[in-house]
Amino acid sequence: MSEFSIRHLEAGDAADLCELASGASVYGNTLQLPFPSSATMAARMDKMLAAGRCQLVCENAAGKVIGSGGLWRFDEARLAHAAGFGINVHRDWQGRGVGKLLTAALMDGADGWLSLERIELTAYPDNRPALALYRRFGFVEEARLRAHSLRDGAYRDVLLMGRLRGGRV
C-alpha cells in the first residue's frame, strides 16, 4: 500500500474530520469556527454527503483520514456548469503531498466525470502554500473580495480564484 490513498467520504469519518478541522492551520484558513463539536461535524457531514457533491478523503497507511476535499455544484440552473472547491489537510500532514493528491483526484473528477466547465474557490492571500497549489492546477486570481470574512478578530480580504476546463483563460 502506498503512503496515501483517496476514497469517497463515509459517515464513519466524522471523528477524524473533527480532529482534522481542530488545527489552527486548518480552521484559520477556512470559514469554519475553531474546535468544531461532534454535533457541528455531524451536521456538516450531512451536507458533505448530500447529492450533488463529490467529497473525497485522503487516508494514511494506517487508515486515518488526514485530508478532505470536495466539489459542490451551485444550485442555480444557469450555474450548473460550475462548482465550488475546497480542501483541508491535517496539520501534521501539510506539505507532504496530501493536498496535491486530493486536488488532482478532484480535478480529474471535475473534468472527466462531472463535466464541470468552471471551478471556483476563495483563499486568504497569506496562505501561500495553498495559492501555489491552486495555481499549479490552473486556478487564476479573478478578484480580491475586500473585508470578506472575520479572521483573528479582523475582517480580512480573500482572493477569488477560478479554473476553466481545458486551461482556458
# chains A, B, ... in the order shown; residues from 1 in each chain; ligands from 1
call {"tool": "residues_around", "arguments": {"residues": "range 59-71 of chain A", "least_positions_apart": "3", "cutoff": "9 Å", "atoms": "only C-alpha atoms", "output": "MDAnalysis selection string"}}
result
chainID A and resid 1:7 9 13 16:17 20 48 52:56 83:93 98:99 102:103 106 110 119
call {"tool": "residues_around", "arguments": {"residues": "range 120-137 of chain A", "least_positions_apart": "6", "cutoff": "6 Å", "atoms": "only C-alpha atoms", "output": "CSV table (one decimal) with C-alpha atoms, in the first residue's frame"}}
result
chain,number,residue,atom,x,y,z
A,84,GLY,CA,-17.1,25.4,-5.6
A,85,PHE,CA,-14.0,23.7,-4.4
A,158,VAL,CA,-9.8,36.8,0.3
A,159,LEU,CA,-8.8,36.1,-3.3
A,160,LEU,CA,-11.5,34.6,-5.6
A,161,MET,CA,-9.8,32.1,-7.9
A,162,GLY,CA,-11.3,30.3,-10.8
call {"tool": "select_by_dssp", "arguments": {"residues": "range 22-154 of chain A", "states": "strand (DSSP E or B)", "output": "ChimeraX atom specification"}}
result
/A:53-60,65-73,82-89,118-123,140-151,154
call {"tool": "select_by_dssp", "arguments": {"residues": "range 45-161 of chain A", "states": "helix (DSSP H, G or I)", "output": "PyMOL selection string"}}
result
chain A and resi 45-48+77-79+91-93+98-112+128-136
call {"tool": "residues_around", "arguments": {"residues": "Asp46 in chain A", "least_positions_apart": "2", "cutoff": "12 Å", "atoms": "only C-alpha atoms", "output": "number ranges by chain"}}
result
A: 9-14, 39-44, 48-51, 53, 55
call {"tool": "closest_residue", "arguments": {"among": "A:Met107, A:Phe139, A:Arg144, A:Val26", "to": "Asp157 in chain A", "atoms": "only C-alpha atoms"}}
result
A:Arg144
call {"tool": "closest_residue", "arguments": {"among": "A:Phe74, A:Glu142, A:His8, A:Gly23", "to": "Gln94 in chain A", "atoms": "only C-alpha atoms"}}
result
A:Gly23
call {"tool": "atom_distance", "arguments": {"atom1": "CA of Glu141 in chain A", "atom2": "CA of Ala154 in chain A"}}
result
22.6 Å
call {"tool": "residues_around", "arguments": {"residues": "Leu164 in chain A", "least_positions_apart": "2", "cutoff": "10 Å", "atoms": "only C-alpha atoms", "output": "list of chain:residue names"}}
result
A:Ala82, A:Asp111, A:Leu116, A:Glu117, A:Arg118, A:Ile119, A:Glu120, A:Gly138, A:Phe139, A:Val140, A:Gly162, A:Gly166, A:Gly167, A:Arg168, A:Val169
call {"tool": "write_last_selection", "arguments": {"atoms": "all heavy atoms", "output": "compact mmCIF listing (two decimals), in the first residue's frame"}}
result
# COMPACT_ATOMS: atom_id res chain seq x y z
N ALA A 82 -20.83 24.92 -13.13
CA ALA A 82 -19.80 25.41 -12.21
C ALA A 82 -19.94 24.77 -10.84
O ALA A 82 -21.01 24.31 -10.44
CB ALA A 82 -19.90 26.94 -12.09
N ASP A 111 -13.21 17.21 -14.51
CA ASP A 111 -13.02 17.23 -15.96
C ASP A 111 -13.54 15.97 -16.65
O ASP A 111 -14.16 16.04 -17.70
CB ASP A 111 -11.54 17.39 -16.30
CG ASP A 111 -10.97 18.73 -15.85
OD1 ASP A 111 -11.75 19.67 -15.59
OD2 ASP A 111 -9.74 18.83 -15.75
N LEU A 116 -17.66 19.54 -15.51
CA LEU A 116 -17.67 20.90 -14.99
C LEU A 116 -16.80 21.80 -15.87
O LEU A 116 -15.67 21.44 -16.22
CB LEU A 116 -17.15 20.92 -13.55
CG LEU A 116 -18.07 20.27 -12.53
CD1 LEU A 116 -17.36 20.11 -11.20
CD2 LEU A 116 -19.35 21.07 -12.37
N GLU A 117 -17.32 22.95 -16.22
CA GLU A 117 -16.57 23.91 -17.03
C GLU A 117 -15.81 24.91 -16.17
O GLU A 117 -14.80 25.45 -16.60
CB GLU A 117 -17.52 24.66 -17.97
CG GLU A 117 -18.10 23.78 -19.06
CD GLU A 117 -17.05 23.27 -20.04
OE1 GLU A 117 -16.13 24.03 -20.38
OE2 GLU A 117 -17.15 22.10 -20.44
N ARG A 118 -16.32 25.16 -14.96
CA ARG A 118 -15.73 26.18 -14.10
C ARG A 118 -15.71 25.69 -12.66
O ARG A 118 -16.69 25.13 -12.18
CB ARG A 118 -16.54 27.47 -14.19
CG ARG A 118 -16.07 28.55 -13.25
CD ARG A 118 -16.93 29.81 -13.36
NE ARG A 118 -16.60 30.73 -12.29
CZ ARG A 118 -15.49 31.48 -12.24
NH1 ARG A 118 -14.61 31.43 -13.20
NH2 ARG A 118 -15.27 32.28 -11.23
N ILE A 119 -14.60 25.93 -12.00
CA ILE A 119 -14.47 25.64 -10.57
C ILE A 119 -13.93 26.90 -9.92
O ILE A 119 -13.03 27.55 -10.45
CB ILE A 119 -13.52 24.45 -10.33
CG1 ILE A 119 -14.03 23.23 -11.08
CG2 ILE A 119 -13.40 24.16 -8.84
CD1 ILE A 119 -13.03 22.12 -11.15
N GLU A 120 -14.49 27.25 -8.76
CA GLU A 120 -14.00 28.45 -8.08
C GLU A 120 -13.80 28.19 -6.60
O GLU A 120 -14.35 27.26 -6.02
CB GLU A 120 -14.94 29.62 -8.31
CG GLU A 120 -16.34 29.45 -7.82
CD GLU A 120 -17.23 30.62 -8.21
OE1 GLU A 120 -17.35 30.92 -9.41
OE2 GLU A 120 -17.80 31.23 -7.28
N GLY A 138 -4.11 25.18 -12.37
CA GLY A 138 -4.76 26.04 -13.35
C GLY A 138 -5.69 27.09 -12.81
O GLY A 138 -6.35 27.79 -13.59
N PHE A 139 -5.76 27.27 -11.50
CA PHE A 139 -6.58 28.33 -10.94
C PHE A 139 -5.86 29.66 -11.11
O PHE A 139 -4.64 29.73 -10.96
CB PHE A 139 -6.85 28.09 -9.45
CG PHE A 139 -7.85 27.01 -9.18
CD1 PHE A 139 -7.44 25.70 -9.04
CD2 PHE A 139 -9.21 27.30 -9.06
CE1 PHE A 139 -8.35 24.68 -8.78
CE2 PHE A 139 -10.13 26.30 -8.80
CZ PHE A 139 -9.69 24.98 -8.66
N VAL A 140 -6.61 30.70 -11.43
CA VAL A 140 -6.06 32.05 -11.54
C VAL A 140 -6.86 32.99 -10.66
O VAL A 140 -8.06 32.79 -10.43
CB VAL A 140 -6.05 32.56 -13.00
CG1 VAL A 140 -5.14 31.70 -13.88
CG2 VAL A 140 -7.44 32.63 -13.57
N GLY A 162 -10.47 31.12 -9.98
CA GLY A 162 -11.27 30.27 -10.84
C GLY A 162 -10.40 29.45 -11.76
O GLY A 162 -9.27 29.83 -12.09
N GLY A 166 -9.92 22.73 -19.37
CA GLY A 166 -9.02 22.78 -20.51
C GLY A 166 -8.02 23.93 -20.43
O GLY A 166 -7.35 24.22 -21.42
N GLY A 167 -7.93 24.59 -19.29
CA GLY A 167 -6.94 25.67 -19.13
C GLY A 167 -7.27 26.94 -19.87
O GLY A 167 -6.39 27.77 -20.08
N ARG A 168 -8.52 27.11 -20.27
CA ARG A 168 -8.89 28.35 -20.97
C ARG A 168 -8.66 29.56 -20.07
O ARG A 168 -8.82 29.48 -18.87
CB ARG A 168 -10.37 28.30 -21.40
CG ARG A 168 -10.66 27.23 -22.41
CD ARG A 168 -12.05 27.38 -23.01
NE ARG A 168 -13.06 27.80 -22.08
CZ ARG A 168 -13.93 26.97 -21.48
NH1 ARG A 168 -13.85 25.68 -21.67
NH2 ARG A 168 -14.86 27.43 -20.68
N VAL A 169 -8.31 30.64 -20.67
CA VAL A 169 -8.07 31.87 -19.92
C VAL A 169 -9.23 32.83 -20.12
O VAL A 169 -9.81 32.90 -21.15
CB VAL A 169 -6.75 32.54 -20.37
CG1 VAL A 169 -6.51 33.81 -19.60
CG2 VAL A 169 -5.61 31.57 -20.20
